[in-house]
Amino acid sequence: MSEWKKICLVTDIPVLGSRCVARPQGVDVAVFRNDENQVFALLDRCPHKGGPLSQGIVFGTSVACPLHNWTIGMEDGCAKSPDEGCTPKFAVKVEDGMVHLDAVELATHAIDLPRPVAGPLRKETASAS
Ligand code: FES
């Protein structure tokens with residue numbers, strides 16, 4: 001049985017916008033609201049190069065990534081053809097106007113995926129002295 005965690009009111013999410021839910025481990029979760037008051041939750045990480053989907057443009061049941069404009073379906077987290085790849089999605093429950101996420105999923109789902117980094121990747125080197 002799922003344990004649901006209260007996140008915010010649907011009306012706290014801008015229409016055709018999103019809010020981020022920070023997690024102690026792993027990438028934040030982006031919670032989106034479309035113009036029909038449907039709510040979706042995806043890892044805030046584009047399947048292309050990790051762009052912040054929470055800053056994308058919401059339309060219908062999709063969000064356009066702000067970095068290279070891939071279209072990601074908010075129902076399944078997958079890129080629309082011809083692009084490929086999916087970002088993890090999260091279960092959402094809306095009850096009496098309150099948005100809930102599954103507490104276990106929030107704590108454990110996709111926490112192994114690295115946070116996107118800005119700029120070139122730096123190679124860490126250990127010094128043996
Ligand atoms: S990072 Fe999202 S389209 Fe490239």
# chains A, B, ... in the order shown; residues from 1 in each chain; ligands from 1
>>> residues_near_ligand(ligand="ligand 1", cutoff="7 Å", atoms="only C-alpha atoms and all ligand atoms", output="PDB file with N, CA and C atoms, in the first residue's frame")
ATOM      1  N   CYS A  46      16.120  15.973 -18.244  1.00  0.00           N
ATOM      2  CA  CYS A  46      15.779  15.562 -19.604  1.00  0.00           C
ATOM      3  C   CYS A  46      16.558  14.304 -19.987  1.00  0.00           C
ATOM      4  N   PRO A  47      15.912  13.369 -20.704  1.00  0.00           N
ATOM      5  CA  PRO A  47      16.638  12.159 -21.100  1.00  0.00           C
ATOM      6  C   PRO A  47      17.715  12.429 -22.149  1.00  0.00           C
ATOM      7  N   HIS A  48      17.740  13.627 -22.720  1.00  0.00           N
ATOM      8  CA  HIS A  48      18.773  13.946 -23.705  1.00  0.00           C
ATOM      9  C   HIS A  48      20.089  14.245 -22.997  1.00  0.00           C
ATOM     10  N   LYS A  49      20.243  15.441 -22.474  1.00  0.00           N
ATOM     11  CA  LYS A  49      21.494  15.800 -21.793  1.00  0.00           C
ATOM     12  C   LYS A  49      21.245  16.388 -20.410  1.00  0.00           C
ATOM     13  N   GLY A  50      20.135  16.003 -19.811  1.00  0.00           N
ATOM     14  CA  GLY A  50      19.909  16.358 -18.414  1.00  0.00           C
ATOM     15  C   GLY A  50      19.341  17.731 -18.165  1.00  0.00           C
ATOM     16  N   GLY A  51      18.787  18.370 -19.179  1.00  0.00           N
ATOM     17  CA  GLY A  51      18.212  19.703 -18.986  1.00  0.00           C
ATOM     18  C   GLY A  51      17.107  19.697 -17.934  1.00  0.00           C
ATOM     19  N   CYS A  65      11.725  20.625 -23.468  1.00  0.00           N
ATOM     20  CA  CYS A  65      12.943  20.896 -22.699  1.00  0.00           C
ATOM     21  C   CYS A  65      13.507  22.265 -23.071  1.00  0.00           C
ATOM     22  N   PRO A  66      13.950  23.032 -22.066  1.00  0.00           N
ATOM     23  CA  PRO A  66      14.462  24.377 -22.355  1.00  0.00           C
ATOM     24  C   PRO A  66      15.824  24.376 -23.057  1.00  0.00           C
ATOM     25  N   LEU A  67      16.531  23.267 -23.052  1.00  0.00           N
ATOM     26  CA  LEU A  67      17.866  23.286 -23.641  1.00  0.00           C
ATOM     27  C   LEU A  67      17.873  23.056 -25.156  1.00  0.00           C
ATOM     28  N   HIS A  68      17.283  21.981 -25.614  1.00  0.00           N
ATOM     29  CA  HIS A  68      17.327  21.688 -27.053  1.00  0.00           C
ATOM     30  C   HIS A  68      15.951  21.367 -27.617  1.00  0.00           C
ATOM     31  N   ASN A  69      14.922  21.692 -26.821  1.00  0.00           N
ATOM     32  CA  ASN A  69      13.534  21.627 -27.296  1.00  0.00           C
ATOM     33  C   ASN A  69      13.007  20.226 -27.587  1.00  0.00           C
ATOM     34  N   TRP A  70      13.599  19.203 -27.014  1.00  0.00           N
ATOM     35  CA  TRP A  70      12.974  17.881 -27.136  1.00  0.00           C
ATOM     36  C   TRP A  70      11.612  17.952 -26.459  1.00  0.00           C
TER      37      TRP A  70
END
>>> residues_around(residues="Trp4 (chain A)", least_positions_apart="3", cutoff="8 Å", atoms="only C-alpha atoms", output="PyMOL selection string")
chain A and resi 93+100-103
>>> closest_residue(among="A:Ile13, A:Val104, A:Met1, A:Ile72", to="Thr87 (chain A)", atoms="only C-alpha atoms")
A:Ile72
>>> closest_residue(among="A:Gly97, A:Arg115, A:Ala64, A:Gly73", to="Thr11 (chain A)", atoms="only C-alpha atoms")
A:Gly97
>>> atom_distance(atom1="CA of Gly85 (chain A)", atom2="CA of Ala110 (chain A)")
14.7 Å
>>> closest_residue(among="A:Asp83, A:Glu3, A:Glu95, A:Asp35", to="Gly17 (chain A)", atoms="only C-alpha atoms")
A:Asp35
>>> select_by_dssp(residues="region 4-127 of chain A", states="helix (DSSP H, G or I)", output="PyMOL selection string")
chain A and resi 10-12+53-55+103-108
>>> residues_around(residues="Asp96 (chain A)", least_positions_apart="3", cutoff="10 Å", atoms="only C-alpha atoms", output="ChimeraX atom specification")
/A:9-10,93,99
>>> residues_around(residues="Glu75 (chain A)", least_positions_apart="2", cutoff="8 Å", atoms="only C-alpha atoms", output="list of chain:residue names")
A:Phe40, A:Thr61, A:Ser62, A:Gly73, A:Gly77, A:Lys89
>>> write_last_selection(atoms="C-alpha atoms", output="mmCIF file, in the first residue's frame")
data_model
loop_
_atom_site.group_PDB
_atom_site.id
_atom_site.type_symbol
_atom_site.label_atom_id
_atom_site.label_comp_id
_atom_site.auth_asym_id
_atom_site.auth_seq_id
_atom_site.Cartn_x
_atom_site.Cartn_y
_atom_site.Cartn_z
ATOM 1 C CA PHE A 40 2.267 15.030 -13.643
ATOM 2 C CA THR A 61 0.410 16.464 -21.822
ATOM 3 C CA SER A 62 3.974 17.318 -22.874
ATOM 4 C CA GLY A 73 5.484 13.192 -22.690
ATOM 5 C CA GLY A 77 8.358 10.544 -19.348
ATOM 6 C CA LYS A 89 8.075 9.361 -13.875
#
>>> select_by_dssp(residues="chain A", states="strand (DSSP E)", output="PyMOL selection string")
chain A and resi 4-9+17-21+29-33+39-43+57-59+62-64+71-73+89-90+92-95+98-102
>>> decode(residues="region 43-116 of chain A", atoms="C-alpha atoms", output="CSV table (one decimal), in the first residue's frame")
chain,number,residue,atom,x,y,z
A,43,LEU,CA,12.5,13.5,-12.6
A,44,ASP,CA,13.7,17.1,-13.3
A,45,ARG,CA,16.2,15.8,-15.8
A,46,CYS,CA,15.8,15.6,-19.6
A,47,PRO,CA,16.6,12.2,-21.1
A,48,HIS,CA,18.8,13.9,-23.7
A,49,LYS,CA,21.5,15.8,-21.8
A,50,GLY,CA,19.9,16.4,-18.4
A,51,GLY,CA,18.2,19.7,-19.0
A,52,PRO,CA,15.9,21.0,-16.2
A,53,LEU,CA,12.4,20.0,-17.5
A,54,SER,CA,10.9,22.1,-14.7
A,55,GLN,CA,12.0,25.2,-16.7
A,56,GLY,CA,10.5,23.9,-19.9
A,57,ILE,CA,7.3,24.9,-21.7
A,58,VAL,CA,4.2,22.8,-20.8
A,59,PHE,CA,1.6,22.2,-23.5
A,60,GLY,CA,-1.1,19.5,-23.5
A,61,THR,CA,0.4,16.5,-21.8
A,62,SER,CA,4.0,17.3,-22.9
A,63,VAL,CA,6.8,19.5,-21.8
A,64,ALA,CA,9.4,21.0,-24.2
A,65,CYS,CA,12.9,20.9,-22.7
A,66,PRO,CA,14.5,24.4,-22.4
A,67,LEU,CA,17.9,23.3,-23.6
A,68,HIS,CA,17.3,21.7,-27.1
A,69,ASN,CA,13.5,21.6,-27.3
A,70,TRP,CA,13.0,17.9,-27.1
A,71,THR,CA,9.3,17.1,-26.4
A,72,ILE,CA,8.8,14.9,-23.4
A,73,GLY,CA,5.5,13.2,-22.7
A,74,MET,CA,4.5,13.9,-19.1
A,75,GLU,CA,2.3,10.8,-18.9
A,76,ASP,CA,5.2,8.4,-19.5
A,77,GLY,CA,8.4,10.5,-19.3
A,78,CYS,CA,9.4,9.5,-22.8
A,79,ALA,CA,10.7,11.7,-25.7
A,80,LYS,CA,8.5,12.0,-28.7
A,81,SER,CA,9.8,10.6,-32.0
A,82,PRO,CA,12.2,11.0,-33.6
A,83,ASP,CA,14.0,11.6,-30.3
A,84,GLU,CA,14.5,8.6,-28.0
A,85,GLY,CA,14.8,8.0,-24.3
A,86,CYS,CA,12.7,8.4,-21.1
A,87,THR,CA,13.1,10.2,-17.8
A,88,PRO,CA,11.7,8.4,-14.7
A,89,LYS,CA,8.1,9.4,-13.9
A,90,PHE,CA,6.5,9.5,-10.4
A,91,ALA,CA,3.1,8.5,-9.3
A,92,VAL,CA,0.8,11.4,-8.5
A,93,LYS,CA,-2.5,11.5,-6.5
A,94,VAL,CA,-4.7,14.6,-6.4
A,95,GLU,CA,-7.3,14.5,-3.6
A,96,ASP,CA,-9.4,17.5,-2.6
A,97,GLY,CA,-7.1,19.8,-4.6
A,98,MET,CA,-4.0,18.5,-2.8
A,99,VAL,CA,-1.1,17.0,-4.8
A,100,HIS,CA,0.5,13.9,-3.3
A,101,LEU,CA,3.6,11.9,-4.3
A,102,ASP,CA,4.4,8.4,-3.2
A,103,ALA,CA,6.7,8.7,-0.2
A,104,VAL,CA,8.7,5.6,-0.9
A,105,GLU,CA,9.1,6.5,-4.6
A,106,LEU,CA,10.1,10.0,-3.7
A,107,ALA,CA,12.8,8.7,-1.3
A,108,THR,CA,14.2,5.9,-3.6
A,109,HIS,CA,13.2,6.2,-7.2
A,110,ALA,CA,16.0,7.1,-9.6
A,111,ILE,CA,18.3,8.4,-6.9
A,112,ASP,CA,21.2,6.8,-8.7
A,113,LEU,CA,21.0,9.1,-11.7
A,114,PRO,CA,23.6,11.9,-11.4
A,115,ARG,CA,22.6,15.5,-11.2
A,116,PRO,CA,23.3,17.4,-14.5
